[in-house]
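Raw run_31.txt, compact mmCIF, C-alpha atoms and all ligand atoms:
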# COMPACT_ATOMS: atom_id res chain seq x y z
CA MET Q 5 329.61 180.58 297.93
CA SER Q 6 327.66 181.19 294.72
CA ASP Q 7 326.76 184.81 293.97
CA PHE Q 8 323.28 183.70 292.76
CA LYS Q 9 320.76 185.51 294.96
CA LEU Q 10 317.53 183.62 295.57
CA LEU Q 11 314.55 184.72 297.64
CA ILE Q 12 312.13 181.95 298.67
CA ILE Q 13 308.62 182.89 299.82
CA GLY Q 14 306.97 180.40 302.21
CA GLY Q 15 307.81 178.21 305.15
CA GLY Q 16 306.24 174.88 304.18
CA LEU Q 17 307.78 171.74 302.76
CA SER Q 18 308.24 173.17 299.24
CA ALA Q 19 310.11 176.22 300.53
CA ILE Q 20 312.28 174.23 302.90
CA ASN Q 21 313.14 171.55 300.34
CA ALA Q 22 314.09 174.27 297.85
CA TYR Q 23 316.20 175.94 300.55
CA GLN Q 24 317.92 172.69 301.47
CA LEU Q 25 318.68 171.70 297.87
CA SER Q 26 320.00 175.20 297.10
CA LEU Q 27 322.64 174.70 299.79
CA ARG Q 28 324.03 171.82 297.69
CA TYR Q 29 324.86 174.39 295.01
CA ASN Q 30 326.37 176.82 297.53
CA ILE Q 31 323.42 179.17 297.26
CA ARG Q 32 322.29 180.73 300.54
CA PRO Q 33 318.68 181.73 299.84
CA LEU Q 34 316.73 184.21 301.92
CA ILE Q 35 313.47 182.72 303.24
CA ILE Q 36 310.53 185.05 303.85
CA ASP Q 37 307.96 183.11 305.86
CA ASP Q 38 304.81 184.44 307.50
CA ASN Q 39 304.92 181.41 309.82
CA VAL Q 40 301.20 180.69 309.48
CA ILE Q 41 300.17 177.06 310.12
CA SER Q 42 299.75 175.49 306.67
CA ALA Q 43 299.27 172.06 305.06
CA SER Q 44 302.88 171.12 305.75
CA HIS Q 45 302.54 171.72 309.49
CA VAL Q 46 299.62 169.30 309.90
CA ALA Q 47 300.45 166.74 307.19
CA ALA Q 48 301.08 163.14 308.14
CA GLY Q 49 304.11 163.15 305.84
CA MET Q 50 303.38 159.68 304.54
CA LEU Q 51 305.29 158.19 301.64
CA ASN Q 52 303.01 155.68 299.94
CA PRO Q 53 304.01 154.35 296.51
CA LEU Q 54 300.62 152.76 295.71
CA THR Q 55 297.59 155.02 295.87
CA GLY Q 56 294.08 155.60 294.58
CA ARG Q 57 291.20 153.20 294.41
CA ASN Q 58 293.16 150.91 292.08
CA LEU Q 59 296.33 151.04 294.16
CA SER Q 60 298.34 152.07 291.12
CA LYS Q 61 301.88 153.36 291.27
CA THR Q 62 301.91 157.05 292.06
CA TRP Q 63 303.05 159.28 289.22
CA LEU Q 64 306.82 158.97 288.54
CA CYS Q 65 306.99 156.56 291.48
CA ASP Q 66 310.24 154.90 290.38
CA ASN Q 67 311.97 158.28 290.24
CA VAL Q 68 310.46 160.29 293.07
CA PHE Q 69 310.55 157.60 295.78
CA PRO Q 70 314.27 156.73 295.56
CA PHE Q 71 315.02 160.46 295.29
CA ALA Q 72 312.90 161.30 298.35
CA HIS Q 73 314.47 158.55 300.49
CA SER Q 74 318.04 159.58 299.66
CA TYR Q 75 317.22 163.30 299.99
CA TYR Q 76 315.71 162.95 303.49
CA LYS Q 77 318.67 160.80 304.55
CA SER Q 78 321.00 163.56 303.36
CA CYS Q 79 319.01 166.04 305.50
CA GLU Q 80 319.46 163.70 308.47
CA ASN Q 81 323.22 163.70 307.92
CA PHE Q 82 323.26 167.48 307.50
CA TYR Q 83 321.35 168.22 310.74
CA GLY Q 84 322.29 165.12 312.75
CA ASN Q 85 318.59 164.53 313.34
CA LYS Q 86 315.98 161.93 312.36
CA PHE Q 87 313.31 162.89 309.81
CA LEU Q 88 312.71 159.76 307.71
CA TYR Q 89 310.92 156.75 309.19
CA SER Q 90 311.09 154.01 306.55
CA LEU Q 91 308.44 151.45 307.43
CA PRO Q 92 306.50 148.81 305.50
CA ILE Q 93 302.87 149.74 304.90
CA TYR Q 94 300.48 146.96 305.86
CA HIS Q 95 297.59 147.41 303.46
CA LEU Q 96 294.43 145.59 304.55
CA PHE Q 97 292.45 144.24 301.59
CA ARG Q 98 289.12 145.92 300.99
CA ASP Q 99 287.59 142.80 299.41
CA GLU Q 100 288.43 139.67 297.47
CA ALA Q 101 288.76 141.51 294.15
CA GLU Q 102 291.40 143.78 295.63
CA GLU Q 103 293.18 140.82 297.19
CA ASN Q 104 293.37 139.12 293.77
CA ASP Q 105 294.56 142.32 292.14
CA ILE Q 106 297.36 142.84 294.69
CA TYR Q 107 298.50 139.23 294.41
CA ALA Q 108 298.64 139.60 290.62
CA LYS Q 109 300.59 142.85 290.97
CA SER Q 110 303.06 141.24 293.38
CA ALA Q 111 304.16 138.99 290.49
CA ASP Q 112 304.22 141.81 287.92
CA PRO Q 113 307.79 143.04 287.15
CA ASN Q 114 306.45 146.58 287.18
CA TYR Q 115 305.18 146.24 290.75
CA ARG Q 116 306.92 143.39 292.50
CA HIS Q 117 309.70 145.57 294.00
CA LEU Q 118 306.92 147.47 295.79
CA ILE Q 119 304.70 144.65 297.11
CA SER Q 120 305.46 141.80 299.46
CA THR Q 121 303.23 139.05 300.79
CA ASP Q 122 306.10 137.84 302.98
CA SER Q 123 304.96 135.56 305.83
CA GLU Q 124 307.84 136.76 308.04
CA LEU Q 125 306.50 140.30 307.96
CA ARG Q 126 303.04 138.94 308.68
CA ASN Q 127 304.33 137.07 311.73
CA SER Q 128 305.43 140.27 313.38
CA LEU Q 129 302.05 142.00 312.99
CA PRO Q 130 300.13 142.72 316.22
CA ALA Q 131 298.17 139.60 317.24
CA TYR Q 132 294.79 141.19 316.47
CA LEU Q 133 295.73 141.87 312.84
CA LYS Q 134 297.42 138.50 312.38
CA GLU Q 135 294.19 136.80 313.34
CA ASN Q 136 291.60 139.14 311.87
CA SER Q 137 292.96 140.65 308.69
CA LYS Q 138 294.19 139.86 305.23
CA GLY Q 139 296.64 142.19 303.56
CA ALA Q 140 299.95 142.78 301.80
CA PHE Q 141 303.01 144.89 302.56
CA PHE Q 142 304.07 147.86 300.45
CA ARG Q 143 307.78 148.64 300.31
CA GLN Q 144 309.42 152.08 300.03
CA GLY Q 145 306.77 153.40 302.44
CA GLY Q 146 307.25 155.46 305.55
CA PHE Q 147 306.70 158.95 306.82
CA ILE Q 148 308.60 162.18 307.35
CA ASP Q 149 308.63 164.09 310.62
CA ILE Q 150 307.93 167.26 308.67
CA ASN Q 151 307.76 169.73 311.56
CA ASN Q 152 311.14 168.61 312.82
CA LEU Q 153 312.68 169.16 309.37
CA LEU Q 154 311.00 172.56 308.95
CA ASN Q 155 312.22 173.70 312.38
CA GLN Q 156 315.80 172.55 311.79
CA ALA Q 157 316.05 174.18 308.37
CA LYS Q 158 314.49 177.45 309.56
CA GLN Q 159 316.92 177.55 312.48
CA HIS Q 160 319.79 177.00 310.03
CA ALA Q 161 318.55 179.89 307.89
CA LYS Q 162 318.14 182.09 311.01
CA ASN Q 163 321.67 181.28 312.19
CA ASN Q 164 322.94 182.48 308.82
CA CYS Q 165 320.76 185.62 308.85
CA ASN Q 166 318.77 184.22 305.92
CA TYR Q 167 315.29 184.03 307.48
CA LEU Q 168 312.68 186.77 307.84
CA ASN Q 169 309.50 186.08 309.77
CA GLU Q 170 307.14 188.34 307.84
CA SER Q 171 304.60 188.31 305.06
CA PHE Q 172 305.99 188.92 301.58
CA ASN Q 173 304.34 191.99 300.08
CA TRP Q 174 303.93 191.73 296.30
CA ASN Q 175 303.51 195.52 296.00
CA ASP Q 176 307.15 195.96 297.09
CA LEU Q 177 308.52 193.78 294.27
CA LYS Q 178 310.11 195.54 291.29
CA LEU Q 179 310.82 193.62 288.10
CA LEU Q 180 313.90 195.12 286.46
CA ASN Q 181 315.86 194.12 283.40
CA GLY Q 182 317.58 190.78 284.22
CA LYS Q 183 316.97 190.95 287.99
CA VAL Q 184 314.34 191.69 290.61
CA GLU Q 185 314.37 194.09 293.52
CA TYR Q 186 312.55 193.60 296.82
CA LYS Q 187 312.69 196.27 299.52
CA GLY Q 188 315.88 197.77 298.09
CA LYS Q 189 317.78 194.48 297.56
CA ASP Q 190 318.51 192.77 294.23
CA TYR Q 191 317.84 189.08 293.54
CA ASN Q 192 318.44 186.81 290.56
CA ALA Q 193 315.27 184.86 291.27
CA ILE Q 194 312.13 184.93 293.41
CA LEU Q 195 310.57 181.54 294.17
CA ASP Q 196 306.90 181.32 295.16
CA CYS Q 197 306.21 178.40 297.54
CA THR Q 198 303.09 179.89 299.08
CA GLY Q 199 300.70 176.93 298.67
CA ILE Q 200 297.08 178.04 298.40
CA LYS Q 201 298.14 181.67 298.98
CA VAL Q 202 299.52 181.81 295.44
CA SER Q 203 296.24 183.56 294.61
CA ASP Q 204 297.80 186.67 296.27
CA ASN Q 205 300.68 186.61 293.77
CA PRO Q 206 299.67 188.96 290.91
CA TYR Q 207 302.08 187.25 288.47
CA PHE Q 208 300.81 183.72 289.08
CA SER Q 209 297.23 184.46 290.10
CA LYS Q 210 295.99 182.80 286.87
CA LEU Q 211 297.11 179.42 288.15
CA PRO Q 212 294.22 177.15 289.15
CA VAL Q 213 295.59 176.13 292.57
CA MET Q 214 292.57 174.95 294.55
CA SER Q 215 292.38 174.17 298.24
CA ASN Q 216 291.44 170.72 299.46
CA LYS Q 217 290.77 170.56 303.19
CA GLY Q 218 292.21 167.68 305.17
CA GLU Q 219 291.66 166.75 308.82
CA ILE Q 220 293.82 164.42 310.87
CA LEU Q 221 293.80 163.18 314.48
CA GLY Q 222 296.48 162.54 317.08
CA LEU Q 223 295.24 159.70 319.29
CA LYS Q 224 296.27 157.95 322.42
CA GLY Q 225 295.68 154.23 322.14
CA LYS Q 226 297.35 150.87 322.30
CA LEU Q 227 300.85 151.48 321.04
CA SER Q 228 302.24 147.95 320.87
CA GLY Q 229 303.12 146.95 317.32
CA HIS Q 230 302.45 150.40 315.96
CA SER Q 231 306.10 151.34 315.69
CA ASP Q 232 306.89 148.66 313.12
CA TYR Q 233 304.31 149.38 310.41
CA LEU Q 234 301.99 151.92 308.91
CA TYR Q 235 298.48 150.52 308.61
CA HIS Q 236 296.32 151.40 305.66
CA LYS Q 237 292.74 150.78 304.67
CA LYS Q 238 291.00 153.87 303.27
CA ILE Q 239 292.80 155.80 306.03
CA PHE Q 240 296.17 155.23 307.70
CA ILE Q 241 297.33 154.75 311.29
CA PHE Q 242 300.90 154.99 312.47
CA LYS Q 243 302.82 155.94 315.56
CA HIS Q 244 304.45 159.35 315.32
CA PRO Q 245 307.68 160.08 317.24
CA ASP Q 246 305.67 162.54 319.39
CA GLY Q 247 304.05 159.42 320.94
CA LEU Q 248 300.58 159.89 319.41
CA LEU Q 249 298.99 157.71 316.77
CA ARG Q 250 298.34 159.65 313.58
CA VAL Q 251 295.01 158.80 311.99
CA GLY Q 252 294.10 160.49 308.73
CA SER Q 253 293.04 161.94 306.56
CA THR Q 254 289.83 163.42 305.23
CA TYR Q 255 289.43 165.18 301.87
CA SER Q 256 287.01 168.00 301.05
CA ASN Q 257 286.96 170.37 298.09
CA THR Q 258 283.92 172.20 299.41
CA ASP Q 259 284.62 172.91 303.10
CA LYS Q 260 286.61 176.17 303.18
CA SER Q 261 286.29 176.80 306.94
CA THR Q 262 289.33 176.51 309.19
CA GLN Q 263 287.29 174.72 311.89
CA ASN Q 264 287.76 171.09 312.86
CA THR Q 265 284.60 169.06 312.26
CA GLN Q 266 282.80 166.34 314.19
CA ALA Q 267 282.11 164.60 310.86
CA ALA Q 268 285.86 164.11 310.40
CA VAL Q 269 286.21 162.69 313.92
CA ASP Q 270 283.36 160.22 313.33
CA PHE Q 271 284.75 159.15 309.96
CA LEU Q 272 288.35 158.70 311.13
CA ILE Q 273 287.49 156.88 314.38
CA GLU Q 274 285.14 154.50 312.56
CA LYS Q 275 287.82 153.68 309.98
CA ALA Q 276 290.52 153.35 312.67
CA ASN Q 277 288.34 150.85 314.51
CA ALA Q 278 287.88 148.90 311.28
CA ILE Q 279 291.67 148.46 311.13
CA MET Q 280 292.31 147.83 314.82
CA PRO Q 281 289.57 148.42 317.41
CA ASP Q 282 290.63 150.30 320.53
CA ASN Q 283 289.39 152.83 323.08
CA TYR Q 284 291.07 155.67 321.26
CA ILE Q 285 291.33 158.98 323.10
CA ILE Q 286 291.52 162.05 320.90
CA SER Q 287 294.44 164.16 322.01
CA LYS Q 288 294.87 166.43 318.95
CA HIS Q 289 292.84 167.37 315.91
CA TRP Q 290 294.34 169.40 313.06
CA ASN Q 291 293.19 170.65 309.68
CA GLY Q 292 294.92 172.23 306.70
CA PHE Q 293 294.49 172.98 303.02
CA ARG Q 294 296.33 171.00 300.35
CA PRO Q 295 297.33 173.04 297.28
CA THR Q 296 295.84 170.97 294.43
CA THR Q 297 295.62 171.38 290.64
CA PRO Q 298 293.00 170.23 288.11
CA ASP Q 299 295.41 167.81 286.36
CA ARG Q 300 296.89 166.58 289.68
CA ARG Q 301 300.38 167.61 288.62
CA PRO Q 302 302.48 170.08 290.59
CA ILE Q 303 303.33 173.47 289.12
CA VAL Q 304 307.07 173.93 288.84
CA GLY Q 305 309.28 176.29 286.88
CA GLN Q 306 309.78 179.70 285.41
CA HIS Q 307 307.10 182.29 284.71
CA PRO Q 308 306.49 182.30 280.92
CA LYS Q 309 307.07 186.06 280.68
CA HIS Q 310 308.94 187.21 283.81
CA LYS Q 311 312.13 185.15 283.67
CA ASN Q 312 313.24 185.87 287.27
CA LEU Q 313 310.01 184.56 288.79
CA PHE Q 314 309.68 180.86 289.62
CA ILE Q 315 307.12 178.66 291.32
CA LEU Q 316 307.08 175.36 293.26
CA ASN Q 317 303.49 174.61 294.16
CA GLY Q 318 300.44 172.37 293.60
CA MET Q 319 301.85 169.42 295.57
CA GLY Q 320 298.34 168.18 296.41
CA SER Q 321 298.35 165.22 298.78
CA LYS Q 322 301.90 164.14 297.89
CA GLY Q 323 304.19 166.97 298.93
CA ALA Q 324 306.42 164.69 301.00
CA THR Q 325 307.49 162.71 297.93
CA LEU Q 326 307.01 165.15 295.05
CA SER Q 327 308.51 168.33 296.46
CA PRO Q 328 312.14 167.16 296.94
CA PHE Q 329 312.28 165.75 293.39
CA PHE Q 330 310.80 168.85 291.79
CA ALA Q 331 312.68 171.29 294.02
CA PHE Q 332 315.86 169.67 292.68
CA GLN Q 333 314.72 170.01 289.05
CA LEU Q 334 313.77 173.62 289.71
CA ILE Q 335 317.10 174.65 291.23
CA ARG Q 336 318.92 173.07 288.27
CA ASP Q 337 316.60 174.90 285.89
CA MET Q 338 317.39 178.23 287.61
CA LEU Q 339 321.13 177.67 287.62
CA TYR Q 340 321.85 175.66 284.47
CA LYS Q 341 318.71 176.00 282.35
CA SER Q 342 318.29 172.24 282.74
CA PRO Q 343 314.60 171.95 281.86
CA VAL Q 344 312.00 170.71 284.33
CA ASN Q 345 309.54 168.01 283.27
CA GLU Q 346 307.26 169.51 280.56
CA LEU Q 347 304.14 168.24 282.35
CA VAL Q 348 304.68 170.40 285.43
CA LYS Q 349 305.59 173.73 283.82
CA PRO Q 350 303.34 176.69 284.68
CA ASN Q 351 303.02 177.50 280.92
CA ARG Q 352 300.23 174.95 280.66
CA PHE Q 353 297.88 177.36 282.43
CA PHE Q 354 298.84 180.61 280.64
C1 LIG Q 401 295.52 166.68 306.80
C2 LIG Q 401 296.60 166.60 305.75
C3 LIG Q 401 297.35 165.43 305.64
C4 LIG Q 401 298.34 165.34 304.66
N1 LIG Q 401 299.07 164.19 304.61
C5 LIG Q 401 300.06 164.08 303.69
C6 LIG Q 401 300.86 162.91 303.64
O1 LIG Q 401 300.69 161.97 304.44
N2 LIG Q 401 301.85 162.84 302.69
C7 LIG Q 401 302.07 163.87 301.82
O2 LIG Q 401 302.98 163.76 300.98
N3 LIG Q 401 301.32 165.00 301.84
C8 LIG Q 401 300.33 165.12 302.75
N4 LIG Q 401 299.57 166.25 302.78
C9 LIG Q 401 299.78 167.27 301.74
C10 LIG Q 401 300.99 168.14 302.09
O3 LIG Q 401 300.72 168.78 303.29
C11 LIG Q 401 301.22 169.17 300.97
O4 LIG Q 401 301.42 168.52 299.73
C12 LIG Q 401 302.48 170.00 301.25
O5 LIG Q 401 302.64 170.23 302.61
C13 LIG Q 401 302.42 171.34 300.53
O6 LIG Q 401 303.54 172.08 300.94
P1 LIG Q 401 303.81 173.56 300.40
O7 LIG Q 401 305.03 174.04 301.08
O8 LIG Q 401 303.78 173.55 298.92
O9 LIG Q 401 302.53 174.40 300.86
P2 LIG Q 401 302.11 174.88 302.36
O10 LIG Q 401 302.37 173.84 303.36
O11 LIG Q 401 300.71 175.38 302.23
O12 LIG Q 401 303.08 176.08 302.66
C14 LIG Q 401 302.92 177.37 302.13
C15 LIG Q 401 303.67 178.32 303.05
O13 LIG Q 401 303.75 179.63 302.49
C16 LIG Q 401 303.52 180.57 303.51
N5 LIG Q 401 303.08 181.82 302.87
C17 LIG Q 401 301.98 182.00 302.10
N6 LIG Q 401 301.92 183.28 301.67
C18 LIG Q 401 303.01 183.91 302.19
C19 LIG Q 401 303.51 185.26 302.10
N7 LIG Q 401 302.89 186.22 301.39
N8 LIG Q 401 304.65 185.57 302.75
C20 LIG Q 401 305.32 184.63 303.47
N9 LIG Q 401 304.89 183.34 303.58
C21 LIG Q 401 303.75 182.99 302.95
C22 LIG Q 401 302.48 179.89 304.38
O14 LIG Q 401 302.40 180.44 305.65
C23 LIG Q 401 303.01 178.46 304.40
O15 LIG Q 401 303.98 178.28 305.40
C24 LIG Q 401 298.58 166.41 303.76
C25 LIG Q 401 297.85 167.59 303.90
C26 LIG Q 401 296.87 167.70 304.87
C27 LIG Q 401 296.10 168.98 304.99
Take the structure in the file and write it out as structure tokens.
Amino acid sequence: MSDFKLLIIGGGLSAINAYQLSLRYNIRPLIIDDNVISASHVAAGMLNPLTGRNLSKTWLCDNVFPFAHSYYKSCENFYGNKFLYSLPIYHLFRDEAEENDIYAKSADPNYRHLISTDSELRNSLPAYLKENSKGAFFRQGGFIDINNLLNQAKQHAKNNCNYLNESFNWNDLKLLNGKVEYKGKDYNAILDCTGIKVSDNPYFSKLPVMSNKGEILGLKGKLSGHSDYLYHKKIFIFKHPDGLLRVGSTYSNTDKSTQNTQAAVDFLIEKANAIMPDNYIISKHWNGFRPTTPDRRPIVGQHPKHKNLFILNGMGSKGATLSPFFAFQLIRDMLYKSPVNELVKPNRFF
């Protein structure tokens, strides 16, 4: 086992991916997690390579998607459990212009590995969609059963006496020459994965991590055909292993309340019916706050002044794909000074 001592603060996807990737380097980090429901606990966990109004490739798509798929498979092997559901995304065209654009992209060498207009895939769509919709299939899509992964990894840390269910108190942290001390114990590095709570961290409080509220529903409805695809048109619908359809999500930079809203229900049900009408019954309704940044890039790396302090944050709406890739870069930066991508370093905000 490595003698590198790492303390990870947080219990969301960033913290758990950093924990999991540390194990590859024989590091046994201590996780301090206040166990409060956060973005990761309510997220749909979707992996979608083409996003935004123009359905462009997501940033670093050709690197982060293959990495995410192989990383989650390695977690499955490690825990003997299923986390990754690789499924084609059936994207329903918004209008004729979008249809033309997607057809053009499906012939573009930059995009064609991600888009299929395959008639075989179309044949296995539910009858309603076969008859009433036009669309294309996006490859490398799917979703992660995030809560299952978080629970397994936390249990692993607990079994190894490396998990504390408490709130990290920044007043108890002492920065010493070449190391850090927390509650009487020395560490080589402290990693902040606290999402929107980074504002409580006095060393990184300058960072402009802003909260974006998202709401998502768990519905009972017709399940036939839902296990084979994720459906997407402004929102997504897919069948989660817990048996409920996930329908999401909303986005709000202004709503800071932790209440579920009727406006979100109305919006999501209307959009779900536009994909596939049904007598949906709302079984669950969740909300959470995405940690977002002004330049839409995550914040990853070493504090510019305090060399034992690190951060993995600002995953926005793409934590499921971005956080494994950047957790890996970060661990290698800590251990081997292998630099993280310049565009994500915290320095840009200091
Ligand atoms: C409705 C919704 C749907 C989403 N859907 C998707 C999706 O389909 N695909 C996708 O990729 N992303 C999605 N996201 C975004 C995704 O949830 C985030 O990108 C990701 O979960 C962020 O993970 P994180 O670990 O960085 O932060 P968080 O999940 O916010 O975790 C931070 C953790 O730190 C803990 N913490 C904070 N302060 C302390 C402290 N002092 N001591 C101890 N612990 C502390 C918190 O309790 C929390 O567990 C969605 C988000 C929402 C809200």
I'd like the neighbourhood of Leu249 in chain Q as a list in words, where a residue qualifies if any of its atoms comes within 8 Å (using only C-alpha atoms), though same-chain residues fewer than 3 positions away should be ignored. Leu221, Gly222, Leu223, Lys224, Gly225, Leu227, Ile241, Phe242, Lys243 and His244 of chain Q
Fewer than 3 positions away in the same chain doesn't count, so skip those; otherwise give me all residues within 9 Å of Lys158 in chain Q, counting all atoms listed in the file, as number ranges by chain. Q: 15, 20, 35, 153-155, 161-163, 166-167
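In terms of minimum interatomic distance to Tyr186 in chain Q, Q:Leu34 ranks closest within Q:Gln306, Q:Tyr340, Q:Arg28, Q:Leu34, counting all atoms listed in the file.
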Using all atoms listed in the file, determine which residues lie at most 10 Å from Ile194 in chain Q, disregarding the query and same-chain residues fewer than 4 positions distant; provide the list as a tab-separated table (two decimals) with C-alpha atoms, keeping the file's coordinate frame.
chain	number	residue	atom	x	y	z
Q	9	LYS	CA	320.76	185.51	294.96
Q	10	LEU	CA	317.53	183.62	295.57
Q	11	LEU	CA	314.55	184.72	297.64
Q	12	ILE	CA	312.13	181.95	298.67
Q	13	ILE	CA	308.62	182.89	299.82
Q	33	PRO	CA	318.68	181.73	299.84
Q	34	LEU	CA	316.73	184.21	301.92
Q	177	LEU	CA	308.52	193.78	294.27
Q	183	LYS	CA	316.97	190.95	287.99
Q	184	VAL	CA	314.34	191.69	290.61
Q	185	GLU	CA	314.37	194.09	293.52
Q	186	TYR	CA	312.55	193.60	296.82
Q	306	GLN	CA	309.78	179.70	285.41
Q	311	LYS	CA	312.13	185.15	283.67
Q	312	ASN	CA	313.24	185.87	287.27
Q	313	LEU	CA	310.01	184.56	288.79
Q	314	PHE	CA	309.68	180.86	289.62
Q	315	ILE	CA	307.12	178.66	291.32
Shell around range 280-287 of chain Q at 12 Å using all atoms listed in the file, local window under 5 positions removed, as a count of residues only: 41
Measuring between all atoms listed in the file, which one of Q:Glu170, Q:Asp112, Q:Asp7, Q:Asp66 shows the shortest distance to ligand LIG 401 (chain Q)? Q:Glu170
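CA of Phe208 in chain Q lies 10.7 Å from CA of Lys309 in chain Q.
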Can you pull out the residues contacting range 344-346 of chain Q? Cut-off 8 Å, using only C-alpha atoms, and skip same-chain residues under 4 positions away; I want them as an mmCIF file with C-alpha atoms, keeping the file's coordinate frame.
data_model
loop_
_atom_site.group_PDB
_atom_site.id
_atom_site.type_symbol
_atom_site.label_atom_id
_atom_site.label_comp_id
_atom_site.auth_asym_id
_atom_site.auth_seq_id
_atom_site.Cartn_x
_atom_site.Cartn_y
_atom_site.Cartn_z
ATOM 1 C CA VAL Q 304 307.070 173.930 288.840
ATOM 2 C CA GLY Q 305 309.280 176.290 286.880
ATOM 3 C CA PHE Q 330 310.800 168.850 291.790
ATOM 4 C CA GLN Q 333 314.720 170.010 289.050
ATOM 5 C CA LEU Q 334 313.770 173.620 289.710
ATOM 6 C CA ASP Q 337 316.600 174.900 285.890
#
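Take CA of Thr296 in chain Q and CA of Leu316 in chain Q: the distance between them is 12.1 Å.
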One-decimal distance in Å that lies between atom N5 of ligand LIG 401 (chain Q) and CA of Ser256 in chain Q: 21.3 Å
Step by step, gather every atom of range 131-145 of chain Q that the file lists, find the box along x, y and z that holds them, add 4 Å on each side, and finally give centre and edge lengths in Å to one decimal, as JSON.
{"center_x": 300.5, "center_y": 145.1, "center_z": 308.6, "size_x": 25.8, "size_y": 24.6, "size_z": 25.2}
Return as a PyMOL selection string every polymer residue, whether protein, DNA or RNA, with at least one atom no more than 7 Å from an atom of ligand LIG 401 (chain Q); count all atoms listed in the file. chain Q and resi 13-19+36-51+170-173+197-202+217-220+252-254+290-295+316-325
Same residues, C-alpha atoms, output as a compact mmCIF listing (two decimals), in the frame of the given file:
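Output file selection_36.txt follows:
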# COMPACT_ATOMS: atom_id res chain seq x y z
CA ILE Q 13 308.62 182.89 299.82
CA GLY Q 14 306.97 180.40 302.21
CA GLY Q 15 307.81 178.21 305.15
CA GLY Q 16 306.24 174.88 304.18
CA LEU Q 17 307.78 171.74 302.76
CA SER Q 18 308.24 173.17 299.24
CA ALA Q 19 310.11 176.22 300.53
CA ILE Q 36 310.53 185.05 303.85
CA ASP Q 37 307.96 183.11 305.86
CA ASP Q 38 304.81 184.44 307.50
CA ASN Q 39 304.92 181.41 309.82
CA VAL Q 40 301.20 180.69 309.48
CA ILE Q 41 300.17 177.06 310.12
CA SER Q 42 299.75 175.49 306.67
CA ALA Q 43 299.27 172.06 305.06
CA SER Q 44 302.88 171.12 305.75
CA HIS Q 45 302.54 171.72 309.49
CA VAL Q 46 299.62 169.30 309.90
CA ALA Q 47 300.45 166.74 307.19
CA ALA Q 48 301.08 163.14 308.14
CA GLY Q 49 304.11 163.15 305.84
CA MET Q 50 303.38 159.68 304.54
CA LEU Q 51 305.29 158.19 301.64
CA GLU Q 170 307.14 188.34 307.84
CA SER Q 171 304.60 188.31 305.06
CA PHE Q 172 305.99 188.92 301.58
CA ASN Q 173 304.34 191.99 300.08
CA CYS Q 197 306.21 178.40 297.54
CA THR Q 198 303.09 179.89 299.08
CA GLY Q 199 300.70 176.93 298.67
CA ILE Q 200 297.08 178.04 298.40
CA LYS Q 201 298.14 181.67 298.98
CA VAL Q 202 299.52 181.81 295.44
CA LYS Q 217 290.77 170.56 303.19
CA GLY Q 218 292.21 167.68 305.17
CA GLU Q 219 291.66 166.75 308.82
CA ILE Q 220 293.82 164.42 310.87
CA GLY Q 252 294.10 160.49 308.73
CA SER Q 253 293.04 161.94 306.56
CA THR Q 254 289.83 163.42 305.23
CA TRP Q 290 294.34 169.40 313.06
CA ASN Q 291 293.19 170.65 309.68
CA GLY Q 292 294.92 172.23 306.70
CA PHE Q 293 294.49 172.98 303.02
CA ARG Q 294 296.33 171.00 300.35
CA PRO Q 295 297.33 173.04 297.28
CA LEU Q 316 307.08 175.36 293.26
CA ASN Q 317 303.49 174.61 294.16
CA GLY Q 318 300.44 172.37 293.60
CA MET Q 319 301.85 169.42 295.57
CA GLY Q 320 298.34 168.18 296.41
CA SER Q 321 298.35 165.22 298.78
CA LYS Q 322 301.90 164.14 297.89
CA GLY Q 323 304.19 166.97 298.93
CA ALA Q 324 306.42 164.69 301.00
CA THR Q 325 307.49 162.71 297.93
Best match for closeness to Pro328 in chain Q among Q:Val68, Q:Leu195, Q:Met214, Q:Leu347, counting only C-alpha atoms: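 Under the stated criterion, the closest residue is Q:Val68.
Among Q:Asp196, Q:Ser120, Q:Gly145, Q:Leu59, the residue with the shortest atom-to-atom distance to Tyr89 in chain Q, counting all atoms listed in the file, is Q:Gly145.
With only C-alpha atoms as the atoms that count, the minimum distance from Phe8 in chain Q to the choices Q:Tyr191, Q:Tyr115, Q:Tyr76, Q:Tyr23 is reached by Q:Tyr191.
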